[in-house]
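Have a look at the structure below, then the notes.
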Amino acid sequence: MKWKVGFFIVILFSACIQQYSNDNLAIFKYNESATIATLDPAFAKDQAIIWATNQLFNGLVQLDNKLNVLPSIAKKWQVTNDALSYTFTLRDDVVFHDDELFENGKGRKVIAQDFEYSFNRLLDKNLAAPGVWVLANVSTFKAINDSTFNVVLKTPFPAFLSLLSMQYCSVVPKEIVEAVDFNRNPIGTGPFKFQLWEDGVKLVLRKNPNYFEKEEGEKIPFLDAVAITFIKDKQSAFLQFIQGKLDFISGIDASYKDEILTSTGELQEKYQTTVTLQSQPYLNTEYLGFLMDSPLPLEIRQAINYGFDRVKMLKYLRNNIGTPAINGFVPMGLPSFNSELKGYNYNPEKAKALIASSNFDTQQEIILSTTSSYLDLCEYIQNQLQDIGLNVRVEVSPPSTHRQMVATSKLNFFRGSWIADYPDAENYLSLFYSNNFCPNGPNYTHYKNEEFDELYEKALSETNTELRYIYYQQMDKLIVESAVVVPLYYDRVLRFINKNITGFESNAMNLLDLKRVRK
């Protein structure tokens, strides 16, 4: 009899291993070369944390692939005519992940009071969350009842719904947060739930069978699990991808750039049967900025804009990863991007004419400040500007020093980049609003223009989206005309995905959304 019981246990154990082995599970695997410091969404300040927490948590709203705001835990909302009060109606079928600290170990239903707690927690000075700025314009918020949550703003802000899509605004359960180390033991409502975290080795998230969203009537997510490794060397991670041990890699590193891409930015022929290349706009504008406290003459700023070939720069230095920034400062990928706005194409003859008309002493040295990561771009520009008669010297500083000097108005001509925190052109145009002079805001150039400020303030109170976009485009035109910056290129996201992966999509915020992915 003992033999029969033992035999049965062995058979059952073997069957379980076969059923739940990695070979039988759809496990999406990717590498994170940067450190994931926490899984608490209140601290989701960088891409590594945002990608991981996006699988674990939900907020009131979410963004689709075109950066439109869609319902998430809030199934609908109403906004008052003055654009100050937002009232959200919550779904009644959203539950937190199962956990032993809940009654009977089952995740309870999310109610409006959970959002009230989560927002208060984000504002708690003792928590010192980096995302507190998201609620800086909020006057009050409260749960009207279990299914209704109201937020009132201090001043109108059309991009507020986009802000609410950020991981900072995720809902978290009070009884879990206050009982455990939430950084390491996250409980959310997302399509995946936390399972295992081995520092520097692996993070594993598994399917949440109680997830509330569906795809054409079918429950999601389709994957059984997500496994994240932490290989710091990007060349090693690339080799893991080529061997099929990782399902995708994001971005391009110099160590394997020429191995996988042609000089024109296309996938090398030997990888075309096994790898899919996704390329799309990324909300990042790379630029050179002028400090307007003691600016170079307008003609010289315009000559610099005309004086180098952005197309060749991208082709030879970035394998065509990016789009020449010839349509203003607001990048491609935003709905308000204006492809008809004429910025600066390469025109050396016009640049020389502008220099001649300015009476500028061409022996005067123009110092361009940058970091080592962008030295090749700046030297390329330096060489082309010398051809039109401008004497440019490139100075290189460590990234932290460079950022500090830009933020304290110590550099007259500097390289910069602006990656959107939220998908609205206001995020970019705020860099030129006079009330945002650094160090109290992101106006690093100290640009001041009364017409621009008036348009900016009009846009903030405009609830009509189309009219607001017109204001945005008028502001961008003023930036071009004043040549306060030299837009270099609008960035692009490159993603390399194994052919056995489907449903893998993204948006211009470079968000990682795995709930509709199949393997």
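Identifiers for the structure tokens are assigned positionally: chains receive A, B, ... in sequence, residues are indexed from 1 per chain, and ligands are indexed from 1 in the order shown.
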Per residue of stretch 116-200 of chain A within 12 Å of stretch 444-465 of chain A, what are the shortest atom pair and its distance in Å to one decimal, counting only C-alpha atoms, with rows by chain and residue number, as JSON lines?
```
{"residue": "A:Leu153", "atom": "CA", "partner": "A:Ser461", "partner_atom": "CA", "distance": 11.7}
{"residue": "A:Lys154", "atom": "CA", "partner": "A:Ser461", "partner_atom": "CA", "distance": 11.6}
{"residue": "A:Thr155", "atom": "CA", "partner": "A:Ser461", "partner_atom": "CA", "distance": 7.9}
{"residue": "A:Pro156", "atom": "CA", "partner": "A:Ser461", "partner_atom": "CA", "distance": 5.2}
{"residue": "A:Phe157", "atom": "CA", "partner": "A:Leu460", "partner_atom": "CA", "distance": 5.3}
{"residue": "A:Pro158", "atom": "CA", "partner": "A:Leu460", "partner_atom": "CA", "distance": 6.2}
{"residue": "A:Ala159", "atom": "CA", "partner": "A:Leu460", "partner_atom": "CA", "distance": 8.6}
{"residue": "A:Phe160", "atom": "CA", "partner": "A:Leu460", "partner_atom": "CA", "distance": 10.4}
```
**Message:** Taking the DSSP secondary structure from the backbone, can you list the residues of stretch 70-191 of chain A that are strand (DSSP E or B), as a PyMOL selection string?
**Reply:** chain A and resi 70-71+74-79+85-90+95+109+138-145+148-153
Can you write just those residues out, C-alpha atoms, as a compact mmCIF listing (two decimals), in the first residue's frame?
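Here's the written file again06.txt:
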```txt
# COMPACT_ATOMS: atom_id res chain seq x y z
CA LEU A 70 -8.70 56.01 -21.98
CA PRO A 71 -10.60 54.62 -18.98
CA ALA A 74 -12.41 54.84 -13.79
CA LYS A 75 -14.95 53.79 -16.40
CA LYS A 76 -15.97 57.39 -17.12
CA TRP A 77 -15.48 60.97 -15.90
CA GLN A 78 -17.03 64.41 -16.09
CA VAL A 79 -15.21 67.75 -16.25
CA SER A 85 -13.46 69.82 -11.26
CA TYR A 86 -13.06 66.19 -12.40
CA THR A 87 -15.51 63.55 -11.19
CA PHE A 88 -14.59 59.91 -11.83
CA THR A 89 -16.96 56.95 -11.71
CA LEU A 90 -15.13 53.73 -10.85
CA VAL A 95 -9.89 43.85 -7.08
CA LYS A 109 -12.64 45.36 -4.32
CA VAL A 138 -4.64 69.91 -7.11
CA SER A 139 -6.72 71.88 -4.62
CA THR A 140 -8.80 69.04 -3.14
CA PHE A 141 -9.67 65.40 -3.75
CA LYS A 142 -12.13 63.15 -1.97
CA ALA A 143 -14.21 60.00 -2.24
CA ILE A 144 -17.85 61.03 -2.64
CA ASN A 145 -18.91 57.43 -2.12
CA THR A 148 -17.18 58.22 -7.09
CA PHE A 149 -13.94 60.15 -6.76
CA ASN A 150 -13.64 63.91 -7.22
CA VAL A 151 -10.56 66.06 -7.90
CA VAL A 152 -10.56 69.86 -7.98
CA LEU A 153 -7.68 71.82 -9.51
```
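Closest to A:Leu101 among A:Thr401, A:Gln268, A:Ser434, A:Asn185 is A:Asn185, based on only C-alpha atoms.
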**Message:** To test your reading of the structure, identify every residue in stretch 76-254 of chain A that backbone DSSP assigns to alpha helix (DSSP H), and report it as number ranges by chain.
**Reply:** A: 112-123, 160-164, 174-177, 234-242
Kindly export the residues of the current selection with N, CA and C atoms, as a short mmCIF file (atom, residue, chain, number, x, y, z; two decimals), in the first residue's frame.
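Generated output (again-v4.cif):
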```cif
data_model
loop_
_atom_site.label_atom_id
_atom_site.label_comp_id
_atom_site.auth_asym_id
_atom_site.auth_seq_id
_atom_site.Cartn_x
_atom_site.Cartn_y
_atom_site.Cartn_z
N ALA A 112 -13.39 54.10 -4.07
CA ALA A 112 -12.88 55.46 -4.23
C ALA A 112 -12.00 55.88 -3.06
N GLN A 113 -12.30 55.36 -1.87
CA GLN A 113 -11.48 55.69 -0.70
C GLN A 113 -10.02 55.23 -0.87
N ASP A 114 -9.81 54.20 -1.69
CA ASP A 114 -8.45 53.74 -1.96
C ASP A 114 -7.66 54.79 -2.74
N PHE A 115 -8.33 55.47 -3.65
CA PHE A 115 -7.66 56.54 -4.38
C PHE A 115 -7.40 57.74 -3.47
N GLU A 116 -8.34 58.02 -2.57
CA GLU A 116 -8.12 59.10 -1.62
C GLU A 116 -6.89 58.80 -0.76
N TYR A 117 -6.79 57.57 -0.29
CA TYR A 117 -5.61 57.18 0.49
C TYR A 117 -4.34 57.26 -0.35
N SER A 118 -4.38 56.75 -1.58
CA SER A 118 -3.19 56.71 -2.44
C SER A 118 -2.69 58.11 -2.77
N PHE A 119 -3.61 59.05 -3.02
CA PHE A 119 -3.21 60.43 -3.31
C PHE A 119 -2.64 61.10 -2.06
N ASN A 120 -3.27 60.88 -0.90
CA ASN A 120 -2.74 61.43 0.34
C ASN A 120 -1.35 60.88 0.64
N ARG A 121 -1.16 59.62 0.35
CA ARG A 121 0.15 58.99 0.57
C ARG A 121 1.21 59.63 -0.34
N LEU A 122 0.84 59.88 -1.60
CA LEU A 122 1.78 60.50 -2.54
C LEU A 122 2.22 61.87 -2.04
N LEU A 123 1.31 62.59 -1.37
CA LEU A 123 1.60 63.94 -0.88
C LEU A 123 2.30 63.94 0.48
N PHE A 160 -4.09 67.47 -17.39
CA PHE A 160 -4.23 66.80 -16.09
C PHE A 160 -4.56 65.32 -16.21
N LEU A 161 -5.44 64.96 -17.14
CA LEU A 161 -5.78 63.55 -17.31
C LEU A 161 -4.55 62.74 -17.73
N SER A 162 -3.69 63.35 -18.55
CA SER A 162 -2.46 62.66 -18.93
C SER A 162 -1.57 62.43 -17.72
N LEU A 163 -1.52 63.42 -16.82
CA LEU A 163 -0.74 63.26 -15.60
C LEU A 163 -1.24 62.09 -14.77
N LEU A 164 -2.57 61.93 -14.72
CA LEU A 164 -3.15 60.85 -13.92
C LEU A 164 -2.83 59.47 -14.48
N LYS A 174 -4.28 50.38 1.52
CA LYS A 174 -3.75 50.89 2.78
C LYS A 174 -3.30 49.77 3.71
N GLU A 175 -4.12 48.72 3.86
CA GLU A 175 -3.81 47.68 4.84
C GLU A 175 -2.54 46.92 4.50
N ILE A 176 -2.19 46.86 3.22
CA ILE A 176 -0.95 46.18 2.82
C ILE A 176 0.23 47.13 2.94
N VAL A 177 0.06 48.36 2.44
CA VAL A 177 1.15 49.34 2.47
C VAL A 177 1.67 49.54 3.89
N LYS A 234 25.45 45.40 -21.95
CA LYS A 234 24.45 45.39 -23.02
C LYS A 234 24.82 44.46 -24.17
N GLN A 235 26.11 44.27 -24.39
CA GLN A 235 26.53 43.32 -25.42
C GLN A 235 26.13 41.91 -25.02
N SER A 236 26.29 41.56 -23.74
CA SER A 236 25.89 40.23 -23.26
C SER A 236 24.38 40.05 -23.37
N ALA A 237 23.63 41.10 -23.04
CA ALA A 237 22.18 41.02 -23.15
C ALA A 237 21.76 40.83 -24.61
N PHE A 238 22.45 41.51 -25.51
CA PHE A 238 22.15 41.35 -26.93
C PHE A 238 22.37 39.91 -27.38
N LEU A 239 23.46 39.30 -26.93
CA LEU A 239 23.73 37.90 -27.28
C LEU A 239 22.64 36.98 -26.74
N GLN A 240 22.15 37.27 -25.54
CA GLN A 240 21.05 36.49 -24.96
C GLN A 240 19.81 36.60 -25.84
N PHE A 241 19.57 37.80 -26.35
CA PHE A 241 18.42 38.01 -27.23
C PHE A 241 18.56 37.22 -28.52
N ILE A 242 19.73 37.29 -29.14
CA ILE A 242 19.97 36.57 -30.39
C ILE A 242 19.82 35.06 -30.19
#
```
**Request:** Could you give me, as a list in words, the residues within 7 Å of stretch 349-356 of chain A, counting only C-alpha atoms and dropping anything in the same chain fewer than 6 positions from it?
**Result:**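 Here the answer would be Glu299, Ile300, Ala303, Tyr306, Gly307 and Ile388 of chain A.
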**Request:** Provide the atom CA of A:Asn327 to atom CA of A:Gly343 distance in Å, to one decimal place.
**Result:**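 Atom-to-atom, atom CA of A:Asn327 and atom CA of A:Gly343 are spaced 4.9 Å apart.
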**Message:** Using only C-alpha atoms for the distances, tell me which of A:Ile49, A:Val134, A:Val480, A:Leu56 is nearest to A:Gly328.
**Reply:** A:Val480
**Prompt:** Which residues come within 9 Å of A:Pro295, counting only C-alpha atoms, excluding same-chain residues fewer than 3 positions away, as a PyMOL selection string?
**Reply:** chain A and resi 290-292+298+301+412-413+484
**Message:** Let me make sure I understand: among A:Ala48, A:Leu334, A:Val171, A:Val406, which one has the smallest atom-to-atom distance to A:Met509 if we use only C-alpha atoms?
**Reply:** A:Leu334
